[in-house]
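A.B. asks: This is entry-v2.cif (mmCIF, C-alpha atoms).
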```
data_model
#
loop_
_atom_site.label_atom_id
_atom_site.label_comp_id
_atom_site.auth_asym_id
_atom_site.auth_seq_id
_atom_site.Cartn_x
_atom_site.Cartn_y
_atom_site.Cartn_z
CA MET Z 1 0.00 0.00 0.00
CA ALA Z 2 1.35 3.44 -0.93
CA ARG Z 3 2.47 5.80 1.84
CA ALA Z 4 -0.30 8.37 1.18
CA GLU Z 5 -2.95 5.66 1.13
CA THR Z 6 -1.73 4.20 4.45
CA LYS Z 7 -1.76 7.65 6.02
CA GLU Z 8 -5.33 8.24 4.86
CA ARG Z 9 -6.46 4.90 6.30
CA LEU Z 10 -4.74 5.77 9.58
CA LEU Z 11 -6.35 9.20 9.77
CA GLN Z 12 -9.79 7.83 8.92
CA ALA Z 13 -9.40 5.24 11.68
CA ALA Z 14 -8.39 8.04 14.08
CA VAL Z 15 -11.52 10.07 13.18
CA ARG Z 16 -13.78 7.06 13.71
CA THR Z 17 -12.13 6.12 17.02
CA LEU Z 18 -12.28 9.68 18.36
CA ALA Z 19 -15.96 9.89 17.40
CA SER Z 20 -16.93 6.57 18.97
CA SER Z 21 -14.69 6.36 22.05
CA GLY Z 22 -13.59 9.90 22.99
CA TYR Z 23 -10.03 11.22 23.04
CA ALA Z 24 -9.06 9.62 26.36
CA LYS Z 25 -9.60 6.14 24.89
CA THR Z 26 -8.16 6.91 21.46
CA THR Z 27 -4.90 5.02 21.98
CA ALA Z 28 -2.65 3.64 19.23
CA ARG Z 29 -4.06 0.21 20.00
CA ALA Z 30 -7.69 1.39 19.70
CA ILE Z 31 -7.03 3.20 16.40
CA ALA Z 32 -5.21 0.15 15.02
CA LYS Z 33 -8.14 -2.05 15.99
CA THR Z 34 -10.61 0.29 14.23
CA GLY Z 35 -8.50 0.39 11.08
CA GLY Z 36 -7.45 -3.26 11.05
CA PHE Z 37 -3.69 -2.74 11.09
CA ALA Z 38 -0.82 -3.20 13.57
CA PRO Z 39 -0.28 -0.44 16.21
CA GLY Z 40 3.35 -0.18 15.05
CA VAL Z 41 2.16 1.34 11.75
CA ILE Z 42 1.06 4.48 13.66
CA TYR Z 43 4.51 5.03 15.19
CA TYR Z 44 6.14 4.48 11.82
CA HIS Z 45 4.22 7.48 10.45
CA TYR Z 46 3.77 9.68 13.54
CA ALA Z 47 6.11 10.60 16.40
CA ASP Z 48 3.36 10.25 19.00
CA LEU Z 49 -0.40 10.49 19.51
CA ASP Z 50 -0.22 14.29 19.81
CA ASP Z 51 1.37 14.36 16.36
CA LEU Z 52 -1.36 12.07 15.01
CA PHE Z 53 -4.12 14.21 16.58
CA VAL Z 54 -2.70 17.37 14.98
CA GLU Z 55 -2.70 15.61 11.58
CA THR Z 56 -6.22 14.28 12.19
CA ALA Z 57 -7.51 17.82 12.85
CA ARG Z 58 -5.89 19.04 9.62
CA PHE Z 59 -7.13 16.03 7.62
CA THR Z 60 -10.81 15.97 8.61
CA SER Z 61 -11.15 19.76 8.48
CA ALA Z 62 -9.54 20.02 5.02
CA ARG Z 63 -11.63 17.19 3.62
CA ARG Z 64 -14.92 18.61 4.86
CA LEU Z 65 -14.02 22.16 3.81
CA GLU Z 66 -13.33 20.91 0.28
CA ARG Z 67 -16.82 19.34 0.19
CA TYR Z 68 -18.42 22.51 1.57
CA LYS Z 69 -16.65 24.63 -1.05
CA SER Z 70 -17.56 22.39 -3.97
CA GLU Z 71 -21.17 21.86 -2.83
CA THR Z 72 -21.93 25.55 -2.21
CA LYS Z 73 -20.44 26.72 -5.50
CA ASN Z 74 -22.89 28.81 -7.57
CA PHE Z 75 -25.76 28.71 -5.08
CA THR Z 76 -28.68 30.75 -6.39
CA GLY Z 77 -30.04 32.30 -3.20
CA ALA Z 78 -30.55 31.95 0.54
CA ALA Z 79 -33.04 29.06 0.32
CA ASP Z 80 -30.84 27.13 -2.11
CA LEU Z 81 -27.87 27.69 0.23
CA VAL Z 82 -29.81 26.34 3.23
CA THR Z 83 -30.78 23.22 1.25
CA ARG Z 84 -27.14 22.57 0.35
CA LEU Z 85 -25.89 23.19 3.91
CA ARG Z 86 -28.45 20.77 5.25
CA ALA Z 87 -27.16 17.95 3.02
CA LEU Z 88 -23.56 18.75 4.03
CA TYR Z 89 -24.57 18.73 7.69
CA GLU Z 90 -25.95 15.21 7.26
CA GLU Z 91 -22.64 14.11 5.73
CA ASP Z 92 -20.72 15.64 8.68
CA THR Z 93 -22.81 13.62 11.08
CA ALA Z 94 -22.54 10.37 9.10
CA GLU Z 95 -18.74 10.62 8.84
CA GLY Z 96 -18.22 11.31 12.54
CA HIS Z 97 -16.38 14.48 11.53
CA ILE Z 98 -17.89 16.77 14.13
CA ALA Z 99 -17.77 14.26 16.95
CA ALA Z 100 -14.04 13.90 16.19
CA ILE Z 101 -13.53 17.68 16.07
CA GLN Z 102 -15.32 18.05 19.38
CA GLU Z 103 -12.91 15.53 20.95
CA LEU Z 104 -9.90 17.27 19.37
CA VAL Z 105 -11.05 20.65 20.72
CA ALA Z 106 -11.42 19.11 24.18
CA ALA Z 107 -8.01 17.40 23.89
CA ALA Z 108 -6.46 20.73 22.82
CA VAL Z 109 -6.82 22.04 26.40
CA ALA Z 110 -3.77 19.92 27.26
CA SER Z 111 -1.89 20.26 23.94
CA PRO Z 112 -0.61 23.64 22.71
CA ARG Z 113 0.24 22.17 19.28
CA LEU Z 114 -3.26 20.80 18.83
CA ALA Z 115 -4.74 24.11 20.01
CA GLU Z 116 -2.67 25.91 17.37
CA GLN Z 117 -3.93 23.52 14.66
CA VAL Z 118 -7.57 24.02 15.74
CA ARG Z 119 -7.01 27.79 15.49
CA GLU Z 120 -5.63 27.40 11.95
CA GLU Z 121 -8.56 25.24 10.85
CA THR Z 122 -11.12 27.59 12.42
CA ALA Z 123 -9.53 30.49 10.50
CA ARG Z 124 -10.09 28.56 7.24
CA TRP Z 125 -13.78 27.96 8.08
CA GLN Z 126 -14.13 31.63 9.07
CA GLU Z 127 -12.75 32.67 5.68
CA PHE Z 128 -15.12 30.27 3.89
CA ALA Z 129 -18.13 31.57 5.86
CA GLU Z 130 -17.16 35.18 5.05
CA SER Z 131 -16.96 34.41 1.34
CA VAL Z 132 -20.39 32.68 1.34
CA ILE Z 133 -22.01 35.59 3.24
CA THR Z 134 -20.36 38.15 0.93
CA THR Z 135 -21.75 36.30 -2.13
CA LEU Z 136 -25.18 36.03 -0.48
CA ILE Z 137 -25.54 39.76 0.19
CA ALA Z 138 -23.81 41.02 -2.97
CA GLY Z 139 -26.00 43.60 -4.70
CA SER Z 140 -28.43 43.82 -1.78
CA PRO Z 141 -29.30 47.31 -0.56
CA ILE Z 142 -28.33 46.30 3.00
CA ALA Z 143 -24.94 44.80 1.98
CA GLU Z 144 -23.04 47.74 3.45
CA LEU Z 145 -24.74 47.32 6.82
CA VAL Z 146 -23.96 43.62 7.31
CA PRO Z 147 -21.04 42.99 9.72
CA VAL Z 148 -19.57 40.14 7.62
CA PRO Z 149 -16.70 38.94 9.87
CA GLU Z 150 -18.90 38.95 13.00
CA LEU Z 151 -21.71 37.13 11.19
CA ALA Z 152 -19.22 34.56 9.84
CA SER Z 153 -17.86 33.96 13.36
CA ALA Z 154 -21.40 33.49 14.64
CA ALA Z 155 -22.13 31.03 11.81
CA VAL Z 156 -19.03 28.92 12.53
CA ALA Z 157 -19.78 28.92 16.28
CA THR Z 158 -23.43 27.99 15.72
CA TYR Z 159 -22.58 25.10 13.44
CA LEU Z 160 -20.02 23.76 15.89
CA GLY Z 161 -22.33 24.12 18.90
CA LEU Z 162 -25.28 22.62 17.05
CA GLU Z 163 -23.38 19.58 15.89
CA MET Z 164 -21.92 19.10 19.37
CA LEU Z 165 -25.37 19.04 20.90
CA SER Z 166 -27.01 16.95 18.20
CA HIS Z 167 -24.25 14.38 18.50
CA LEU Z 168 -25.51 13.79 22.05
CA HIS Z 169 -29.13 14.16 20.94
CA ALA Z 170 -29.16 17.10 23.36
CA GLU Z 171 -30.31 19.79 20.94
CA GLY Z 172 -33.54 21.53 21.81
CA THR Z 173 -35.65 21.20 18.70
CA GLY Z 174 -33.52 18.98 16.47
CA PRO Z 175 -31.47 20.09 13.45
CA GLU Z 176 -34.31 19.05 11.12
CA ARG Z 177 -36.70 21.66 12.53
CA MET Z 178 -33.96 24.29 12.71
CA PHE Z 179 -33.07 23.79 9.04
CA GLN Z 180 -36.79 24.01 8.18
CA ALA Z 181 -37.09 27.31 10.07
CA ALA Z 182 -33.92 28.59 8.36
CA HIS Z 183 -35.38 27.56 5.00
CA ARG Z 184 -38.60 29.50 5.63
CA LEU Z 185 -36.56 32.56 6.62
CA ALA Z 186 -34.36 32.11 3.54
CA LEU Z 187 -37.41 32.01 1.23
CA LEU Z 188 -38.54 35.30 2.78
CA ILE Z 189 -35.09 36.83 2.22
CA ASP Z 190 -35.06 35.58 -1.38
CA SER Z 191 -38.51 36.98 -2.14
CA VAL Z 192 -37.47 40.39 -0.75
CA SER Z 193 -34.16 40.32 -2.70
CA GLY Z 194 -35.65 38.99 -5.93
CA ASN Z 195 -33.44 35.85 -5.96
CA GLN Z 196 -34.40 32.70 -7.84
CA PRO Z 197 -36.33 30.29 -5.59
CA MET R 1 -16.74 21.14 57.45
CA ALA R 2 -20.40 20.44 56.68
CA ARG R 3 -21.26 17.81 54.10
CA ALA R 4 -22.81 20.29 51.62
CA GLU R 5 -19.82 22.57 51.93
CA THR R 6 -17.37 19.72 51.28
CA LYS R 7 -19.36 18.68 48.22
CA GLU R 8 -19.32 22.20 46.85
CA ARG R 9 -15.55 22.43 47.33
CA LEU R 10 -15.15 19.08 45.58
CA LEU R 11 -17.32 20.11 42.65
CA GLN R 12 -15.57 23.46 42.27
CA ALA R 13 -12.22 21.65 42.22
CA ALA R 14 -13.60 19.29 39.54
CA VAL R 15 -14.72 22.25 37.39
CA ARG R 16 -11.31 23.91 37.68
CA THR R 17 -9.40 20.69 36.94
CA LEU R 18 -11.57 19.84 33.92
CA ALA R 19 -11.06 23.37 32.57
CA SER R 20 -7.31 23.41 33.06
CA SER R 21 -6.30 19.81 32.29
CA GLY R 22 -9.04 18.19 30.18
CA TYR R 23 -11.19 15.22 31.14
CA ALA R 24 -8.55 12.57 30.45
CA LYS R 25 -6.29 14.04 33.15
CA THR R 26 -9.07 14.84 35.62
CA THR R 27 -8.30 12.00 38.02
CA ALA R 28 -9.27 11.85 41.70
CA ARG R 29 -5.64 12.69 42.51
CA ALA R 30 -5.63 15.75 40.20
CA ILE R 31 -8.95 17.07 41.58
CA ALA R 32 -7.74 16.55 45.16
CA LYS R 33 -4.55 18.47 44.37
CA THR R 34 -6.55 21.38 42.89
CA GLY R 35 -8.87 21.50 45.91
CA GLY R 36 -6.25 20.86 48.59
CA PHE R 37 -7.86 17.75 50.14
CA ALA R 38 -7.12 14.00 50.23
CA PRO R 39 -8.22 11.89 47.18
CA GLY R 40 -10.13 9.62 49.57
CA VAL R 41 -12.64 12.44 50.21
CA ILE R 42 -13.87 12.07 46.61
CA TYR R 43 -14.63 8.37 47.02
CA TYR R 44 -16.36 9.06 50.31
CA HIS R 45 -18.90 11.24 48.49
CA TYR R 46 -19.01 9.69 44.99
CA ALA R 47 -19.04 6.08 43.79
CA ASP R 48 -16.60 6.80 40.97
CA LEU R 49 -15.38 9.54 38.62
CA ASP R 50 -18.35 9.02 36.29
CA ASP R 51 -20.65 9.75 39.24
CA LEU R 52 -18.59 12.87 40.09
CA PHE R 53 -18.67 14.08 36.44
CA VAL R 54 -22.48 13.72 36.33
CA GLU R 55 -22.74 15.80 39.52
CA THR R 56 -20.26 18.35 38.18
CA ALA R 57 -22.39 18.84 35.03
CA ARG R 58 -25.48 19.36 37.18
CA PHE R 59 -23.65 21.69 39.61
CA THR R 60 -21.97 24.08 37.17
CA SER R 61 -25.00 24.25 34.86
CA ALA R 62 -27.43 24.97 37.73
CA ARG R 63 -25.17 27.60 39.25
CA ARG R 64 -24.67 29.47 35.98
CA LEU R 65 -28.35 29.20 35.01
CA GLU R 66 -29.33 30.77 38.33
CA ARG R 67 -26.99 33.72 37.58
CA TYR R 68 -28.38 34.04 34.04
CA LYS R 69 -31.96 34.05 35.35
CA SER R 70 -31.32 36.62 38.08
CA GLU R 71 -29.19 38.88 35.87
CA THR R 72 -31.61 38.96 32.92
CA LYS R 73 -34.67 39.65 35.08
CA ASN R 74 -36.63 42.72 33.96
CA PHE R 75 -34.42 43.59 30.99
CA THR R 76 -35.80 46.61 29.17
CA GLY R 77 -35.06 45.73 25.54
CA ALA R 78 -32.72 43.99 23.11
CA ALA R 79 -29.72 46.29 23.71
CA ASP R 80 -30.06 46.02 27.49
CA LEU R 81 -30.27 42.22 27.15
CA VAL R 82 -27.08 42.09 25.06
CA THR R 83 -25.25 44.20 27.68
CA ARG R 84 -26.32 41.82 30.43
CA LEU R 85 -25.42 38.69 28.43
CA ARG R 86 -22.00 40.10 27.72
CA ALA R 87 -21.25 40.49 31.44
CA LEU R 88 -22.52 36.95 32.11
CA TYR R 89 -20.36 35.62 29.29
CA GLU R 90 -17.30 37.15 30.94
CA GLU R 91 -18.21 35.44 34.21
CA ASP R 92 -18.57 32.08 32.39
CA THR R 93 -15.09 32.46 31.00
CA ALA R 94 -13.54 33.56 34.31
CA GLU R 95 -15.06 30.63 36.22
CA GLY R 96 -13.93 28.00 33.71
CA HIS R 97 -17.57 26.94 33.42
CA ILE R 98 -17.66 26.55 29.66
CA ALA R 99 -14.25 24.89 29.39
CA ALA R 100 -15.50 22.36 31.94
CA ILE R 101 -18.78 21.83 30.06
CA GLN R 102 -16.89 21.30 26.84
CA GLU R 103 -14.83 18.57 28.51
CA LEU R 104 -17.95 16.98 30.00
CA VAL R 105 -19.66 16.95 26.58
CA ALA R 106 -16.57 15.30 25.09
CA ALA R 107 -16.41 12.80 27.97
CA ALA R 108 -20.11 12.00 27.48
CA VAL R 109 -19.27 10.12 24.26
CA ALA R 110 -18.09 7.25 26.45
CA SER R 111 -20.59 7.68 29.31
CA PRO R 112 -24.35 7.19 28.76
CA ARG R 113 -25.14 8.60 32.23
CA LEU R 114 -23.16 11.75 31.60
CA ALA R 115 -24.77 12.09 28.15
CA GLU R 116 -28.19 11.88 29.80
CA GLN R 117 -27.21 14.60 32.31
CA VAL R 118 -25.94 16.87 29.51
CA ARG R 119 -29.30 16.39 27.75
CA GLU R 120 -31.17 17.38 30.92
CA GLU R 121 -29.04 20.49 31.43
CA THR R 122 -29.39 21.52 27.78
CA ALA R 123 -33.17 21.24 28.09
CA ARG R 124 -33.06 23.70 31.02
CA TRP R 125 -31.01 26.22 29.00
CA GLN R 126 -33.36 25.74 26.04
CA GLU R 127 -36.33 26.57 28.29
CA PHE R 128 -34.52 29.65 29.65
CA ALA R 129 -33.66 30.85 26.11
CA GLU R 130 -37.28 30.37 25.02
CA SER R 131 -38.58 32.43 27.93
CA VAL R 132 -36.11 35.27 27.23
CA ILE R 133 -37.00 35.33 23.51
CA THR R 134 -40.73 35.24 24.30
CA THR R 135 -40.32 38.24 26.64
CA LEU R 136 -38.21 40.05 24.04
CA ILE R 137 -40.77 39.77 21.24
CA ALA R 138 -43.92 40.17 23.39
CA GLY R 139 -46.16 42.83 21.89
CA SER R 140 -44.11 43.09 18.69
CA PRO R 141 -46.06 42.92 15.41
CA ILE R 142 -43.78 40.09 14.22
CA ALA R 143 -44.15 38.02 17.44
CA GLU R 144 -46.38 35.48 15.72
CA LEU R 145 -43.82 34.89 12.97
CA VAL R 146 -40.83 34.14 15.22
CA PRO R 147 -40.06 30.40 15.53
CA VAL R 148 -39.25 30.58 19.26
CA PRO R 149 -38.06 26.99 19.96
CA GLU R 150 -35.83 26.93 16.87
CA LEU R 151 -34.37 30.35 17.69
CA ALA R 152 -33.77 29.25 21.29
CA SER R 153 -31.95 26.12 20.07
CA ALA R 154 -29.82 28.25 17.78
CA ALA R 155 -29.01 30.63 20.65
CA VAL R 156 -27.93 27.79 22.98
CA ALA R 157 -25.82 26.21 20.22
CA THR R 158 -24.20 29.53 19.29
CA TYR R 159 -23.28 30.33 22.87
CA LEU R 160 -21.78 26.88 23.36
CA GLY R 161 -19.85 26.96 20.07
CA LEU R 162 -18.63 30.50 20.66
CA GLU R 163 -17.36 29.79 24.14
CA MET R 164 -15.69 26.60 22.92
CA LEU R 165 -13.79 28.50 20.27
CA SER R 166 -12.94 31.50 22.41
CA HIS R 167 -11.56 29.22 25.10
CA LEU R 168 -8.93 28.16 22.54
CA HIS R 169 -8.65 31.73 21.23
CA ALA R 170 -9.80 30.20 17.95
CA GLU R 171 -12.82 32.40 17.35
CA GLY R 172 -12.78 34.44 14.16
CA THR R 173 -13.40 37.99 15.29
CA GLY R 174 -13.39 37.67 19.06
CA PRO R 175 -16.42 37.76 21.38
CA GLU R 176 -15.85 41.47 22.06
CA ARG R 177 -16.50 42.44 18.43
CA MET R 178 -19.41 40.01 18.14
CA PHE R 179 -21.11 41.47 21.22
CA GLN R 180 -20.54 44.96 19.79
CA ALA R 181 -22.19 43.93 16.49
CA ALA R 182 -25.07 42.30 18.41
CA HIS R 183 -25.44 45.50 20.43
CA ARG R 184 -25.69 47.67 17.28
CA LEU R 185 -28.30 45.29 15.87
CA ALA R 186 -30.17 45.32 19.19
CA LEU R 187 -30.28 49.14 19.21
CA LEU R 188 -31.81 49.00 15.72
CA ILE R 189 -34.41 46.45 16.90
CA ASP R 190 -35.22 48.60 19.95
CA SER R 191 -35.66 51.76 17.87
CA VAL R 192 -38.06 49.94 15.52
CA SER R 193 -39.99 48.40 18.44
CA GLY R 194 -40.07 51.54 20.55
CA ASN R 195 -38.25 49.95 23.53
CA GLN R 196 -36.32 51.96 26.09
CA PRO R 197 -32.65 52.29 25.13
#
```
Go ahead and express the file in the form of structure tokens.

C.D. replies:
Amino acid sequence: MARAETKERLLQAAVRTLASSGYAKTTARAIAKTGGFAPGVIYYHYADLDDLFVETARFTSARRLERYKSETKNFTGAADLVTRLRALYEEDTAEGHIAAIQELVAAAVASPRLAEQVREETARWQEFAESVITTLIAGSPIAELVPVPELASAAVATYLGLEMLSHLHAEGTGPERMFQAAHRLALLIDSVSGNQP
Amino acid sequence: MARAETKERLLQAAVRTLASSGYAKTTARAIAKTGGFAPGVIYYHYADLDDLFVETARFTSARRLERYKSETKNFTGAADLVTRLRALYEEDTAEGHIAAIQELVAAAVASPRLAEQVREETARWQEFAESVITTLIAGSPIAELVPVPELASAAVATYLGLEMLSHLHAEGTGPERMFQAAHRLALLIDSVSGNQP
């Protein structure tokens, strides 16, 4: 198996183990068991678990961000955007991406390197959210009034908090109803702005 | 020392240890060191660490919710509410409350009892957010159109996500700028609704 392919299998096994067992139980042995390879493979590629966790944060964030970018390309209005985000949200949940991120954020309290990586990844999501919001409001009469960076920060925080809670089935109304409410609001925004439905 | 007082000292030490070291390193020994008592005291009051974590979730959530309820009583409008929430947010950060909650949510992946407790606490915050939003929009011409439970869920998720990120200094624009933007928006809402400034 090629080096890149092995690394990807390793990182996918790390994401799945973090999501199912939590960071405290995500040992080399547990990851190896999830992925079906020998624990030694991990130490061949990574200096230690901290090193692997940093790479896992980079890997899962980059992969999801790529999907978000490609799937939100050329959206036609607010309602269309909400529909696309809802499908992406379902993918996040199915892949264990957010459960893994949540564990990595919690693990970062005790790891300055991991904390630094989480900051870098959050900055990328912030930039993506700003570009989506800028596209959404382009040409609108209120465009000048919208505080884009603050709104983008709020969007990133909301997504993270929502997925954290829904992972535990602790969310108040359920993501389904929240996306429906967002969709109704988006239709209203579109009809005011003259966007395509 | 009275039993209730000992328990409160224990739980405060657990909150501080979770916030500073993460759940994986929050052992009986570490908590005892933080609180300045013998590790045996913990096992006198709690069956195991899982039991202590469940109580810690209940304790820190109840204490903060009480502050939120008393400090948002009789708010006079959206801008006044934002000002009060901002002060409460600073208290959350100073006490290590949210860092501890974040660790407990992450630890809940491997503990069904802790997950159940997090669900119960989230339901209480959801109820609080609904009551604040209902008060805020009472008498407004758009009151009927506001999806209160969905908005309350979004508010709880945003707060949680924001505090998670700001704990790592990973938030995009910083809570300060986001509260300022929320305050400007709130002033606009108040001027439209005829609230007191």

A.B. asks: On this file, the PyMOL selection byres ((chain R) within 8 of (chain Z)) gives some set of residues; write that set as a PyMOL selection string.

C.D. replies: chain R and resi 19-24+102-103+105-110+115+118-120+122-123+126+147+149-162+164-165+168-173+177-178+181

A.B. asks: Which is closest to Pro39 in chain R among R:Ala129, R:Leu10, R:Leu65, R:Leu114, if we use all atoms listed in the file?

C.D. replies: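 That would be R:Leu10, the residue with the smallest distance to Pro39 in chain R.
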
A.B. asks: Just checking: using only C-alpha atoms, which residue out of R:Ala13, R:Ile98, R:Leu136, R:Ile189 ends up closest to Ile42 in chain R?

C.D. replies: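 Distance minimum relative to Ile42 in chain R lands on R:Ala13.
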
A.B. asks: What is the CA of Asp50 in chain Z-CA of Arg113 in chain Z distance in Å, reported with one decimal?

C.D. replies: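 Computed distance, CA of Asp50 in chain Z to CA of Arg113 in chain Z, equals 7.9 Å.
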
A.B. asks: Near Ser193 in chain Z, counting only C-alpha atoms, which residues have an atom at most 10 Å away, once you skip same-chain residues fewer than 3 positions from it, shown as a count of residues only?

C.D. replies: 11

A.B. asks: Axis-aligned box over every listed atom of range 76-92 of chain Z, padded by 6 Å per side: centre and edges in Å to one decimal, as lines of an AutoDock Vina configuration file?

C.D. replies:
```
center_x = -26.9
center_y = 23.2
center_z = 1.1
size_x = 24.3
size_y = 30.2
size_z = 27.1
```

A.B. asks: Distance CA of Lys33 in chain R-CA of Asp51 in chain R, one decimal place?

C.D. replies: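 Computing the Euclidean distance for CA of Lys33 in chain R and CA of Asp51 in chain R yields 19.0 Å.
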
A.B. asks: Could you write out as a short mmCIF file (atom, residue, chain, number, x, y, z; two decimals) with C-alpha atoms, keeping the file's coordinate frame the residues that the PyMOL selection byres ((chain R and resi 71) around 10) matches in the shown file?

C.D. replies:
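Produced file selection_2.cif, reproduced below:
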```
data_model
loop_
_atom_site.label_atom_id
_atom_site.label_comp_id
_atom_site.auth_asym_id
_atom_site.auth_seq_id
_atom_site.Cartn_x
_atom_site.Cartn_y
_atom_site.Cartn_z
CA LEU R 65 -28.35 29.20 35.01
CA GLU R 66 -29.33 30.77 38.33
CA ARG R 67 -26.99 33.72 37.58
CA TYR R 68 -28.38 34.04 34.04
CA LYS R 69 -31.96 34.05 35.35
CA SER R 70 -31.32 36.62 38.08
CA THR R 72 -31.61 38.96 32.92
CA LYS R 73 -34.67 39.65 35.08
CA ASN R 74 -36.63 42.72 33.96
CA PHE R 75 -34.42 43.59 30.99
CA LEU R 81 -30.27 42.22 27.15
CA ARG R 84 -26.32 41.82 30.43
CA LEU R 85 -25.42 38.69 28.43
CA ALA R 87 -21.25 40.49 31.44
CA LEU R 88 -22.52 36.95 32.11
#
```

A.B. asks: Kindly resolve the PyMOL selection byres ((chain R and resi 56) around 9) on the present coordinates and return the residues as a ChimeraX atom specification.

C.D. replies: /R:11-12,14-15,51-55,57-61,100-101,104

A.B. asks: Mind pulling up the distance from CA of Val82 in chain Z to CA of His183 in chain Z?

C.D. replies: 6.0 Å

A.B. asks: Between R:Arg16, R:His45, R:Ser131, R:Thr76, which is the closest to Gly96 in chain R once you count all atoms listed in the file?

C.D. replies: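 Counting all atoms listed in the file, the residue closest to Gly96 in chain R is R:Arg16.
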
A.B. asks: Could you write range 52-57 of chain R of the block just shown to a file containing all heavy atoms, as a PDB file, in the first residue's frame?

C.D. replies:
```
ATOM      1  N   LEU R  52     -19.030  11.506  39.800  1.00  0.00           N
ATOM      2  CA  LEU R  52     -18.594  12.875  40.086  1.00  0.00           C
ATOM      3  C   LEU R  52     -18.789  13.786  38.868  1.00  0.00           C
ATOM      4  O   LEU R  52     -19.241  14.929  39.005  1.00  0.00           O
ATOM      5  CB  LEU R  52     -17.116  12.877  40.508  1.00  0.00           C
ATOM      6  CG  LEU R  52     -16.474  14.250  40.713  1.00  0.00           C
ATOM      7  CD1 LEU R  52     -17.144  15.016  41.853  1.00  0.00           C
ATOM      8  CD2 LEU R  52     -14.980  14.117  41.012  1.00  0.00           C
ATOM      9  N   PHE R  53     -18.509  13.267  37.662  1.00  0.00           N
ATOM     10  CA  PHE R  53     -18.672  14.077  36.440  1.00  0.00           C
ATOM     11  C   PHE R  53     -20.155  14.429  36.218  1.00  0.00           C
ATOM     12  O   PHE R  53     -20.486  15.547  35.831  1.00  0.00           O
ATOM     13  CB  PHE R  53     -18.114  13.345  35.212  1.00  0.00           C
ATOM     14  CG  PHE R  53     -16.603  13.379  35.103  1.00  0.00           C
ATOM     15  CD1 PHE R  53     -15.822  14.008  36.070  1.00  0.00           C
ATOM     16  CD2 PHE R  53     -15.954  12.791  34.019  1.00  0.00           C
ATOM     17  CE1 PHE R  53     -14.428  14.043  35.971  1.00  0.00           C
ATOM     18  CE2 PHE R  53     -14.560  12.832  33.911  1.00  0.00           C
ATOM     19  CZ  PHE R  53     -13.798  13.454  34.886  1.00  0.00           C
ATOM     20  N   VAL R  54     -21.037  13.467  36.467  1.00  0.00           N
ATOM     21  CA  VAL R  54     -22.478  13.716  36.332  1.00  0.00           C
ATOM     22  C   VAL R  54     -22.894  14.845  37.289  1.00  0.00           C
ATOM     23  O   VAL R  54     -23.594  15.789  36.900  1.00  0.00           O
ATOM     24  CB  VAL R  54     -23.302  12.428  36.611  1.00  0.00           C
ATOM     25  CG1 VAL R  54     -24.789  12.743  36.761  1.00  0.00           C
ATOM     26  CG2 VAL R  54     -23.091  11.408  35.500  1.00  0.00           C
ATOM     27  N   GLU R  55     -22.410  14.762  38.531  1.00  0.00           N
ATOM     28  CA  GLU R  55     -22.742  15.799  39.525  1.00  0.00           C
ATOM     29  C   GLU R  55     -22.119  17.148  39.159  1.00  0.00           C
ATOM     30  O   GLU R  55     -22.697  18.203  39.415  1.00  0.00           O
ATOM     31  CB  GLU R  55     -22.251  15.375  40.914  1.00  0.00           C
ATOM     32  CG  GLU R  55     -23.156  14.383  41.599  1.00  0.00           C
ATOM     33  CD  GLU R  55     -24.604  14.869  41.639  1.00  0.00           C
ATOM     34  OE1 GLU R  55     -24.863  16.008  42.061  1.00  0.00           O
ATOM     35  OE2 GLU R  55     -25.484  14.090  41.221  1.00  0.00           O
ATOM     36  N   THR R  56     -20.933  17.113  38.573  1.00  0.00           N
ATOM     37  CA  THR R  56     -20.260  18.348  38.176  1.00  0.00           C
ATOM     38  C   THR R  56     -21.049  19.049  37.073  1.00  0.00           C
ATOM     39  O   THR R  56     -21.205  20.270  37.084  1.00  0.00           O
ATOM     40  CB  THR R  56     -18.818  18.050  37.704  1.00  0.00           C
ATOM     41  OG1 THR R  56     -18.132  17.348  38.741  1.00  0.00           O
ATOM     42  CG2 THR R  56     -18.060  19.324  37.398  1.00  0.00           C
ATOM     43  N   ALA R  57     -21.572  18.274  36.112  1.00  0.00           N
ATOM     44  CA  ALA R  57     -22.387  18.842  35.030  1.00  0.00           C
ATOM     45  C   ALA R  57     -23.622  19.521  35.619  1.00  0.00           C
ATOM     46  O   ALA R  57     -23.951  20.657  35.276  1.00  0.00           O
ATOM     47  CB  ALA R  57     -22.800  17.754  34.032  1.00  0.00           C
TER      48      ALA R  57
END
```
